[in-house]
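Participant: First the structure, which I've put down as structure tokens, then a few questions once you've had a look.
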Amino acid sequence: MSKTELKNRIRRLRFDHDEMTQQELANRAGVTRQTIIAIEGGKYAPSLMLAFRIARVFGLRLEEVFQYDKAGLGKDSGTKTPRK
Amino acid sequence: MNRQQKLAWFNLVILVFSLLLSSTVVIWMAVVLKAGPIALSGFGLFAICLLHLLGPAVFPKKRKAGQVVFDERDAEIARRALSYGDVTSNVFFVSTFVCALLALGFEGSVRVASLGLIIGGAYFVSKVTESLTTLILYGREPKDVQD
């Protein structure tokens with residue numbers, strides 16, 4: 001799967017939470033370890049439900065874990081610059 | 001490597017082996033035995049590719065306590081692989097009939113036995129695409145992203 005425009009702090013947060021392993025996070029979020037690896041590497045954009053579950057594991061709000069990459073805006077977001 | 005990747009490799013190996021074996025038999029019948037169009041019946045051996053259906057029995061689901069073995073990403077990859085497989089088999093079908101039409105014309109005719117070849121070919125193309133798509137979408141698990 002290609003790189004997504006969704007950035008995340010999962011790797012940082014895992015280390016901040018007693019060096020939580022990918023497997024431990026996967027178990028608590030209800031996914032496989034491969035999926036956590038893909039999300040951390042920005043190769044997979046999780047569903048909204050999974051994103052909320054991951055945020056809940058860390059006890060944070062969704063936007064504190066995931067950020068939308070604004071640099072990618074306008075390319076294929078469907079938004080157009082209004083004409084003057 | 002997870003179960004889905006193992007199944008994809010298993011399917012790929014069985015399908016390619018079946019194709020190579022049946023093609024070898026067809027060439028042998030055509031060249032050595034000079035069997036003519038009958039040599040195409042060697043493609044019947046391609047039926048051994050159905051052994052790939054044993055995949056789920058060869059790689060049974062192993063569920064460790066508290067671990068998830070199939071999640072939303074696996075489902076998404078499986079769905080995409082299946083749809084790519086469907087698309088390629090449809091393209092194969094249509095292109096086969098268009099080629100036959102162009103080669104033989106509106107009044108031309110083909111042997112009924114060749115219909116089996118077309119169906120077998122479409123099945124092969126569909127399953128190979130599905131397996132390759134699965135392997136590509138999973139990609140390589142990076143070694144440096146261990147815990």
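Residue numbering restarts at 1 in every chain; chains get A, B, ... in the order shown in the structure tokens, and ligands count up from 1 in that same order.
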Please provide the set of residues having any atom within 10 Å of Ile10 (chain A), restricted to only C-alpha atoms, with same-chain residues fewer than 6 positions apart removed, written as a PDB file with C-alpha atoms, in the first residue's frame.

Facilitator:
```pdb
ATOM      1  CA  ASP A  16       6.531   7.231  26.259  1.00  0.00           C
ATOM      2  CA  GLN A  22       4.053  -3.169  18.791  1.00  0.00           C
ATOM      3  CA  LEU A  25      -0.394  -2.161  21.192  1.00  0.00           C
ATOM      4  CA  ILE A  36       0.639  -1.420  13.575  1.00  0.00           C
ATOM      5  CA  ILE A  37       3.922  -1.534  11.608  1.00  0.00           C
ATOM      6  CA  ILE A  39       0.370   2.496  10.329  1.00  0.00           C
ATOM      7  CA  GLU A  40       3.588   3.616  12.044  1.00  0.00           C
ATOM      8  CA  GLY A  41       5.362   3.645   8.696  1.00  0.00           C
ATOM      9  CA  ILE A  54      -5.389   3.419  19.196  1.00  0.00           C
ATOM     10  CA  ALA A  55      -5.873   6.898  20.645  1.00  0.00           C
ATOM     11  CA  PHE A  58      -2.724   5.984  24.878  1.00  0.00           C
ATOM     12  CA  GLU A  64      -3.008  14.124  19.371  1.00  0.00           C
ATOM     13  CA  VAL A  65      -2.086  10.806  17.766  1.00  0.00           C
ATOM     14  CA  PHE A  66      -2.914  11.383  14.089  1.00  0.00           C
TER      15      PHE A  66
END
```

Participant: Run DSSP on the backbone and tell me which residues of chain B come out as alpha helix (DSSP H); list them as a PyMOL selection string.

Facilitator: chain B and resi 3-31+55-58+72-104+113-138

Participant: Using only C-alpha atoms, what does the table of chain A residues within 9 Å of chain B look like, with each row giving the shortest atom pair and its distance in Å to one decimal, sorted by chain and ascending number, as JSON lines?

Facilitator:
```
{"residue": "A:Met1", "atom": "CA", "partner": "B:Leu137", "partner_atom": "CA", "distance": 5.2}
{"residue": "A:Ser2", "atom": "CA", "partner": "B:Leu137", "partner_atom": "CA", "distance": 8.6}
{"residue": "A:Glu19", "atom": "CA", "partner": "B:Asp147", "partner_atom": "CA", "distance": 8.6}
{"residue": "A:Met20", "atom": "CA", "partner": "B:Asp147", "partner_atom": "CA", "distance": 8.0}
{"residue": "A:Thr21", "atom": "CA", "partner": "B:Asp147", "partner_atom": "CA", "distance": 5.0}
{"residue": "A:Gln22", "atom": "CA", "partner": "B:Asp147", "partner_atom": "CA", "distance": 5.4}
{"residue": "A:Gln23", "atom": "CA", "partner": "B:Asp147", "partner_atom": "CA", "distance": 7.7}
{"residue": "A:Ala26", "atom": "CA", "partner": "B:Val68", "partner_atom": "CA", "distance": 7.9}
{"residue": "A:Asn27", "atom": "CA", "partner": "B:Gln67", "partner_atom": "CA", "distance": 5.6}
{"residue": "A:Arg28", "atom": "CA", "partner": "B:Gly66", "partner_atom": "CA", "distance": 8.7}
{"residue": "A:Gly30", "atom": "CA", "partner": "B:Val68", "partner_atom": "CA", "distance": 6.2}
{"residue": "A:Val31", "atom": "CA", "partner": "B:Asp71", "partner_atom": "CA", "distance": 5.4}
{"residue": "A:Thr32", "atom": "CA", "partner": "B:Val68", "partner_atom": "CA", "distance": 5.4}
{"residue": "A:Arg33", "atom": "CA", "partner": "B:Val68", "partner_atom": "CA", "distance": 8.5}
{"residue": "A:Gln34", "atom": "CA", "partner": "B:Glu141", "partner_atom": "CA", "distance": 7.5}
{"residue": "A:Thr35", "atom": "CA", "partner": "B:Arg73", "partner_atom": "CA", "distance": 6.6}
{"residue": "A:Ile37", "atom": "CA", "partner": "B:Val145", "partner_atom": "CA", "distance": 6.9}
{"residue": "A:Ala38", "atom": "CA", "partner": "B:Glu141", "partner_atom": "CA", "distance": 8.5}
{"residue": "A:Glu40", "atom": "CA", "partner": "B:Val145", "partner_atom": "CA", "distance": 8.8}
{"residue": "A:Gly41", "atom": "CA", "partner": "B:Val145", "partner_atom": "CA", "distance": 8.5}
{"residue": "A:Tyr44", "atom": "CA", "partner": "B:Arg73", "partner_atom": "CA", "distance": 8.0}
{"residue": "A:Pro46", "atom": "CA", "partner": "B:Arg73", "partner_atom": "CA", "distance": 7.9}
{"residue": "A:Ser47", "atom": "CA", "partner": "B:Glu72", "partner_atom": "CA", "distance": 8.0}
{"residue": "A:Leu50", "atom": "CA", "partner": "B:Glu72", "partner_atom": "CA", "distance": 8.7}
```

Participant: Could the residues in this selection be written to a file with C-alpha atoms, as a CSV table (one decimal), in the first residue's frame?

Facilitator:
```csv
chain,number,residue,atom,x,y,z
A,1,MET,CA,0.0,0.0,0.0
A,2,SER,CA,1.3,3.5,-0.8
A,19,GLU,CA,8.2,1.2,25.9
A,20,MET,CA,5.1,-0.5,24.9
A,21,THR,CA,5.8,-3.1,22.2
A,22,GLN,CA,4.1,-3.2,18.8
A,23,GLN,CA,2.5,-6.5,19.7
A,26,ALA,CA,-1.8,-4.5,18.5
A,27,ASN,CA,-3.4,-6.7,21.1
A,28,ARG,CA,-4.9,-3.7,22.9
A,30,GLY,CA,-7.5,-5.4,18.3
A,31,VAL,CA,-5.3,-5.6,15.2
A,32,THR,CA,-2.3,-7.6,14.0
A,33,ARG,CA,1.3,-6.4,14.6
A,34,GLN,CA,1.8,-6.0,10.9
A,35,THR,CA,-1.0,-3.4,10.8
A,37,ILE,CA,3.9,-1.5,11.6
A,38,ALA,CA,2.1,-0.3,8.5
A,40,GLU,CA,3.6,3.6,12.0
A,41,GLY,CA,5.4,3.6,8.7
A,44,TYR,CA,-1.7,2.3,5.9
A,46,PRO,CA,-6.5,3.2,9.6
A,47,SER,CA,-10.3,3.3,9.7
A,50,LEU,CA,-9.3,1.8,14.7
```

Participant: List as a list in words the protein and nucleic acid residues near Gly42 (chain B), meaning an atom at most 9 Å away when only C-alpha atoms are counted, but skip any in the same chain fewer than 4 places from it.

Facilitator: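 Returned residues: Ser22, Ser23, Thr24, Val25, Val26, Ile27, Met29, Ile38 and Phe46 of chain B.
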
Participant: Suppose we keep N, CA and C atoms; can you now write the selection as a compact mmCIF listing (two decimals), in the first residue's frame?

Facilitator:
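File produced: selection19.txt:
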```txt
# COMPACT_ATOMS: atom_id res chain seq x y z
N SER B 22 1.39 -28.88 -17.58
CA SER B 22 0.45 -29.10 -18.69
C SER B 22 1.04 -28.60 -20.02
N SER B 23 1.76 -27.48 -19.98
CA SER B 23 2.38 -26.96 -21.21
C SER B 23 3.43 -27.94 -21.74
N THR B 24 4.20 -28.52 -20.81
CA THR B 24 5.23 -29.49 -21.21
C THR B 24 4.58 -30.70 -21.89
N VAL B 25 3.49 -31.17 -21.32
CA VAL B 25 2.79 -32.33 -21.89
C VAL B 25 2.25 -31.99 -23.28
N VAL B 26 1.68 -30.78 -23.43
CA VAL B 26 1.13 -30.36 -24.72
C VAL B 26 2.25 -30.29 -25.77
N ILE B 27 3.37 -29.69 -25.39
CA ILE B 27 4.49 -29.57 -26.35
C ILE B 27 5.03 -30.96 -26.71
N MET B 29 3.37 -33.81 -26.66
CA MET B 29 2.41 -34.49 -27.54
C MET B 29 2.47 -33.93 -28.96
N ILE B 38 -5.06 -32.53 -31.14
CA ILE B 38 -5.37 -33.37 -29.96
C ILE B 38 -4.38 -33.07 -28.82
N PHE B 46 -3.99 -29.37 -16.36
CA PHE B 46 -4.01 -28.12 -15.61
C PHE B 46 -4.99 -28.20 -14.43
```

Participant: Between CA of Pro56 (chain B) and CA of Glu130 (chain B), measure the distance and give it in Å to one decimal.

Facilitator: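 Separation between CA of Pro56 (chain B) and CA of Glu130 (chain B): 15.6 Å.
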